[in-house]
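Note: the block below is start.tsv and it holds TSV, C-alpha atoms.
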```tsv
chain	number	residue	atom	x	y	z
R	1	MET	CA	-3.90	110.70	30.60
R	2	THR	CA	-3.51	108.52	27.55
R	3	ALA	CA	-0.82	109.08	24.95
R	4	THR	CA	-1.94	109.38	21.36
R	5	LEU	CA	0.13	108.60	18.30
R	6	SER	CA	0.41	111.10	15.55
R	7	PRO	CA	-0.51	109.97	12.05
R	8	ARG	CA	3.13	110.28	11.04
R	9	ARG	CA	4.35	108.07	13.91
R	10	THR	CA	1.56	105.56	13.22
R	11	GLY	CA	2.61	105.41	9.58
R	12	ARG	CA	6.26	104.80	10.54
R	13	LEU	CA	5.25	101.95	12.88
R	14	ALA	CA	2.99	100.40	10.24
R	15	TRP	CA	5.76	100.58	7.63
R	16	ALA	CA	8.24	98.98	10.07
R	17	ALA	CA	5.75	96.19	10.76
R	18	CYS	CA	5.24	95.64	7.03
R	19	ARG	CA	8.99	95.46	6.44
R	20	ALA	CA	9.39	92.95	9.30
R	21	LEU	CA	6.54	90.87	7.89
R	22	LEU	CA	8.10	90.92	4.43
R	23	VAL	CA	11.55	89.94	5.71
R	24	LEU	CA	10.21	87.15	7.90
R	25	THR	CA	8.02	85.86	5.05
R	26	VAL	CA	11.02	85.67	2.72
R	27	VAL	CA	13.32	84.12	5.35
R	28	CYS	CA	10.86	81.67	6.95
R	29	GLY	CA	8.58	81.03	4.00
R	30	VAL	CA	11.09	80.88	1.12
R	31	LEU	CA	14.75	80.72	2.10
R	32	TYR	CA	14.45	78.32	5.04
R	33	PRO	CA	12.25	75.74	3.20
R	34	LEU	CA	14.55	75.90	0.16
R	35	ALA	CA	17.62	75.37	2.35
R	36	VAL	CA	16.06	72.43	4.22
R	37	THR	CA	14.85	70.87	0.95
R	38	GLY	CA	18.28	71.29	-0.64
R	39	ILE	CA	20.08	69.74	2.32
R	40	ALA	CA	17.57	66.85	2.43
R	41	GLN	CA	17.93	66.20	-1.31
R	42	ALA	CA	21.73	66.23	-1.03
R	43	ALA	CA	22.06	64.17	2.15
R	44	PHE	CA	18.98	61.91	2.06
R	45	PRO	CA	17.57	61.91	-1.50
R	46	ASP	CA	15.56	58.70	-1.13
R	47	GLN	CA	13.84	59.77	2.08
R	48	ALA	CA	13.30	63.32	0.82
R	49	ASP	CA	11.44	61.96	-2.21
R	50	GLY	CA	9.15	59.83	-0.05
R	51	THR	CA	11.12	56.56	-0.28
R	52	PRO	CA	9.70	55.53	-3.67
R	53	VAL	CA	9.65	51.87	-4.70
R	54	ARG	CA	10.37	51.13	-8.36
R	55	ALA	CA	9.54	48.16	-10.54
R	56	ASP	CA	10.16	47.85	-14.28
R	57	GLY	CA	11.74	51.29	-14.27
R	58	ARG	CA	8.74	53.13	-12.85
R	59	GLU	CA	7.52	54.14	-9.44
R	60	VAL	CA	4.86	51.80	-8.06
R	61	GLY	CA	4.41	53.36	-4.63
R	62	SER	CA	6.12	54.49	-1.49
R	63	ALA	CA	7.71	52.26	1.12
R	64	LEU	CA	6.22	54.60	3.73
R	65	VAL	CA	2.57	54.39	2.67
R	66	GLY	CA	0.53	51.21	2.58
R	67	GLN	CA	-1.80	50.38	-0.26
R	68	ARG	CA	-4.64	47.98	-0.91
R	69	TRP	CA	-3.75	44.55	-2.34
R	70	SER	CA	-6.29	42.12	-3.69
R	71	GLY	CA	-5.92	38.71	-5.23
R	72	ARG	CA	-4.42	35.49	-4.03
R	73	GLU	CA	-1.07	36.16	-5.69
R	74	TRP	CA	-0.14	39.05	-3.38
R	75	PHE	CA	0.75	39.51	0.24
R	76	HIS	CA	-1.93	41.59	1.92
R	77	GLY	CA	-1.41	44.37	4.43
R	78	ARG	CA	-3.23	45.25	7.60
R	79	PRO	CA	-6.91	46.17	7.52
R	80	SER	CA	-7.56	49.86	6.89
R	81	HIS	CA	-10.82	51.51	7.88
R	82	SER	CA	-10.08	54.22	5.28
R	83	GLY	CA	-9.30	51.80	2.46
R	84	TYR	CA	-5.70	53.06	2.49
R	85	ALA	CA	-6.80	56.52	1.36
R	86	PRO	CA	-3.82	58.75	2.22
R	87	ARG	CA	-6.09	61.74	2.89
R	88	ALA	CA	-8.23	59.85	5.39
R	89	THR	CA	-5.61	58.68	7.85
R	90	GLY	CA	-6.35	57.92	11.47
R	91	SER	CA	-7.58	55.06	13.58
R	92	GLY	CA	-11.10	53.71	13.65
R	93	GLN	CA	-11.60	55.11	17.19
R	94	LEU	CA	-13.22	51.96	18.56
R	95	GLY	CA	-12.12	50.91	22.04
R	96	ALA	CA	-10.86	47.42	22.79
R	97	SER	CA	-14.09	46.54	24.61
R	98	ASP	CA	-16.40	47.93	21.92
R	99	PRO	CA	-18.69	45.07	20.78
R	100	ARG	CA	-18.40	46.20	17.16
R	101	LEU	CA	-14.60	45.93	17.24
R	102	VAL	CA	-14.70	42.57	19.02
R	103	ARG	CA	-17.17	41.22	16.43
R	104	THR	CA	-15.13	42.61	13.52
R	105	VAL	CA	-11.88	41.14	14.84
R	106	ARG	CA	-13.50	37.74	15.36
R	107	GLU	CA	-14.95	37.74	11.84
R	108	ASN	CA	-11.68	38.95	10.32
R	109	ARG	CA	-9.66	36.25	12.08
R	110	GLN	CA	-11.86	33.55	10.64
R	111	ALA	CA	-11.78	35.13	7.18
R	112	VAL	CA	-7.98	35.48	7.20
R	113	ALA	CA	-7.58	31.90	8.43
R	114	ASP	CA	-9.88	30.53	5.71
R	115	TYR	CA	-8.29	32.65	2.97
R	116	ASN	CA	-4.77	31.51	3.83
R	117	GLY	CA	-5.59	27.94	4.81
R	118	VAL	CA	-4.34	28.20	8.39
R	119	SER	CA	-5.90	27.77	11.80
R	120	VAL	CA	-7.53	30.71	13.55
R	121	ALA	CA	-4.90	30.41	16.28
R	122	ALA	CA	-2.16	31.09	13.72
R	123	VAL	CA	-3.60	34.47	12.71
R	124	PRO	CA	-1.51	37.26	14.31
R	125	PRO	CA	-3.12	40.42	15.72
R	126	ASP	CA	-1.93	42.73	12.93
R	127	ALA	CA	-3.81	40.63	10.37
R	128	VAL	CA	-7.14	41.67	11.87
R	129	THR	CA	-6.51	45.09	13.42
R	130	GLY	CA	-5.79	48.36	11.68
R	131	SER	CA	-2.94	50.67	12.55
R	132	GLY	CA	-3.27	54.12	14.07
R	133	SER	CA	-2.60	55.73	10.70
R	134	ALA	CA	-4.71	53.35	8.57
R	135	ILE	CA	-1.91	53.38	5.96
R	136	ASP	CA	0.70	51.20	7.69
R	137	PRO	CA	3.00	49.80	4.95
R	138	ASP	CA	4.35	46.96	7.10
R	139	ILE	CA	3.11	43.70	8.53
R	140	SER	CA	4.61	41.35	11.06
R	141	PRO	CA	6.80	38.46	9.87
R	142	GLU	CA	4.18	36.13	11.35
R	143	TYR	CA	1.46	37.57	9.15
R	144	ALA	CA	3.71	37.33	6.10
R	145	ARG	CA	4.55	33.70	6.85
R	146	ILE	CA	0.93	32.53	7.01
R	147	GLN	CA	0.45	33.98	3.51
R	148	THR	CA	3.45	32.25	1.90
R	149	SER	CA	1.65	29.08	0.81
R	150	ARG	CA	-1.15	31.02	-0.90
R	151	VAL	CA	1.25	33.36	-2.70
R	152	ALA	CA	3.54	30.50	-3.73
R	153	ARG	CA	0.68	28.52	-5.26
R	154	ALA	CA	-0.64	31.54	-7.15
R	155	HIS	CA	2.78	32.25	-8.70
R	156	HIS	CA	3.74	28.57	-9.17
R	157	LEU	CA	6.72	29.03	-6.85
R	158	THR	CA	7.91	26.79	-4.08
R	159	LYS	CA	6.87	27.66	-0.57
R	160	GLY	CA	10.54	27.71	0.42
R	161	ALA	CA	11.37	30.30	-2.23
R	162	VAL	CA	8.61	32.62	-1.04
R	163	ARG	CA	9.54	32.06	2.59
R	164	ASN	CA	13.11	33.05	1.74
R	165	LEU	CA	11.81	36.30	0.25
R	166	VAL	CA	9.91	36.98	3.46
R	167	ASP	CA	13.07	36.38	5.49
R	168	GLU	CA	15.12	38.63	3.18
R	169	HIS	CA	12.61	41.46	3.54
R	170	THR	CA	12.18	41.18	7.31
R	171	GLN	CA	13.58	44.24	9.04
R	172	GLY	CA	14.62	44.01	12.67
R	173	ARG	CA	13.92	46.47	15.47
R	174	ASP	CA	15.30	49.97	14.91
R	175	LEU	CA	18.58	50.38	16.79
R	176	GLY	CA	18.07	46.82	17.99
R	177	PHE	CA	15.37	47.65	20.54
R	178	LEU	CA	12.81	50.08	19.10
R	179	GLY	CA	9.59	48.79	17.57
R	180	GLU	CA	8.95	45.29	16.30
R	181	PRO	CA	10.33	43.24	13.37
R	182	ARG	CA	8.39	44.07	10.22
R	183	VAL	CA	8.02	43.31	6.54
R	184	ASN	CA	7.24	45.99	3.96
R	185	VAL	CA	4.34	44.65	1.89
R	186	LEU	CA	5.03	46.65	-1.27
R	187	GLU	CA	8.73	45.76	-1.39
R	188	LEU	CA	7.93	42.10	-0.73
R	189	ASN	CA	5.29	41.96	-3.48
R	190	VAL	CA	7.70	43.59	-5.94
R	191	ALA	CA	10.30	40.93	-5.07
R	192	VAL	CA	7.75	38.14	-5.51
R	193	ARG	CA	6.77	39.52	-8.91
R	194	GLU	CA	10.41	39.70	-10.02
R	195	VAL	CA	11.15	36.13	-8.94
R	196	ALA	CA	7.96	34.84	-10.57
R	197	ALA	CA	8.82	36.64	-13.81
R	198	ALA	CA	12.35	35.26	-13.78
R	199	THR	CA	11.20	31.68	-13.26
R	200	GLY	CA	8.05	31.83	-15.38
```

Is it possible to give me this structure as structure tokens?
Amino acid sequence: MTATLSPRRTGRLAWAACRALLVLTVVCGVLYPLAVTGIAQAAFPDQADGTPVRADGREVGSALVGQRWSGREWFHGRPSHSGYAPRATGSGQLGASDPRLVRTVRENRQAVADYNGVSVAAVPPDAVTGSGSAIDPDISPEYARIQTSRVARAHHLTKGAVRNLVDEHTQGRDLGFLGEPRVNVLELNVAVREVAAATG
């Protein structure tokens, strides 16, 4: 024998469900996000706003998102199969033994070496391989250092001055043991621009 619900009881249950949905929508969809956003803005305003980088009083990008750089006067970031499009993140999905990846890496190493006037052996892996996100904002100190001569010549700066900027913008491992040392490309290029403007 199956129990049946009266229309009145069904209506009460439906109304209770609607009230629960409304309360949970307000709490989880409005109040909670507002509270988290408020706490983040109060405690970590820079991170909450996306870690913006400013130059000449205006935002020029985010320290968390890489961007394309062209021209001999700038430090370049890692290759990006998406062209640094923030809505097309993800790796290129080619395995280490894929002939296409091997050929691309070999060609990129030669191109990076020629462009920066260094030997192929001096080109570090991150100069020729993309990151998992395709929008990595950082490069290795080794990749930054092989670009110093090119950048210095383009801005009429000494190689030592540009190398000092690289050293100043090199961040160590998080907590001393997590990750690898890195250099934020956007922040470094902003610093190069400021020094070049001050000495020009």

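Restricting the calculation to only C-alpha atoms, the smallest distance between R:Arg68 and any of R:Ala111, R:Ala196, R:Leu186, R:Ala88 is found for R:Leu186.
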
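If you measure from each of R:Ile135, R:Val151, R:Ala197, R:Ala191 to R:Ala85 using only C-alpha atoms, the closest one turns out to be R:Ile135.
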
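Near (5.1, 39.1, 6.9), the residues that fall inside 9 Å on the basis of only C-alpha atoms are Phe75, His76, Gly77, Asp138, Ile139, Ser140, Pro141, Glu142, Tyr143, Ala144, Arg145, Ile146, Gln147, Thr148, Val166, Asp167, His169, Thr170, Arg182, Val183, Asn184, Val185 and Leu188 of chain R.
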
Next on the checklist: What's the separation between atom CA of R:Ala42 and atom CA of R:Glu59, in Å to one decimal place?
Outcome noted: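 Atom-to-atom, atom CA of R:Ala42 to atom CA of R:Glu59, that is 20.5 Å.
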
Next on the checklist: Restricting the calculation to all atoms listed in the file: of R:Pro124, R:Gly172, R:Pro137, R:Arg163, which residue gets closest to R:Val53?
Outcome noted: R:Pro137

Listed atoms of stretch 149-161 of chain R boxed along x, y and z, 4 Å each side, centre and edge lengths in Å, one decimal, as JSON:
```
{"center_x": 5.1, "center_y": 30.1, "center_z": -4.2, "size_x": 20.5, "size_y": 14.6, "size_z": 18.0}
```

Checklist entry - Which value, in Å to one decimal, gives the distance between atom CA of R:Val195 and atom CA of R:Gly57? => result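 A separation of 16.1 Å between them.
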
Checklist entry - Near R:Gly50, within 8 Å and counting only C-alpha atoms, which residues show up once chain neighbours fewer than 5 positions away are dropped, as a PyMOL selection string? => result chain R and resi 62-64

Those residues with C-alpha atoms, as a PDB file, in the coordinates of the input please?
```
ATOM      1  CA  SER R  62       6.120  54.490  -1.490  1.00  0.00           C
ATOM      2  CA  ALA R  63       7.710  52.260   1.120  1.00  0.00           C
ATOM      3  CA  LEU R  64       6.220  54.600   3.730  1.00  0.00           C
TER       4      LEU R  64
END
```

Item to check | Atomic separation - atom CA of R:Ala35 relative to atom CA of R:Cys18, Å | outcome: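 Spanning atom CA of R:Cys18 to atom CA of R:Ala35 is a straight-line distance of 24.2 Å.
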
Checklist entry - Taking all atoms listed in the file into account, which of R:Val192, R:Asp126, R:Ser133, R:Gly117 comes nearest R:Thr89? => result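 Going through R:Val192, R:Asp126, R:Ser133, R:Gly117 one by one, the smallest distance to R:Thr89 is for R:Ser133.
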
Please tell me which residues are no farther than 7 Å from (-0.4, 60.7, 2.6) in the file, counting all atoms listed in the file, and write them as a short mmCIF file (atom, residue, chain, number, x, y, z; two decimals) with C-alpha atoms, keeping the file's coordinate frame.
```cif
data_model
loop_
_atom_site.label_atom_id
_atom_site.label_comp_id
_atom_site.auth_asym_id
_atom_site.auth_seq_id
_atom_site.Cartn_x
_atom_site.Cartn_y
_atom_site.Cartn_z
CA VAL R 65 2.57 54.39 2.67
CA PRO R 86 -3.82 58.75 2.22
CA ARG R 87 -6.09 61.74 2.89
#
```

Checklist entry - Given the choices R:Pro125, R:Gly66, R:Gly160, R:Gly179, which gets closest to R:Ser80 if the distance is worked out from all atoms listed in the file? => result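 Smallest distance to R:Ser80 is found for R:Gly66.
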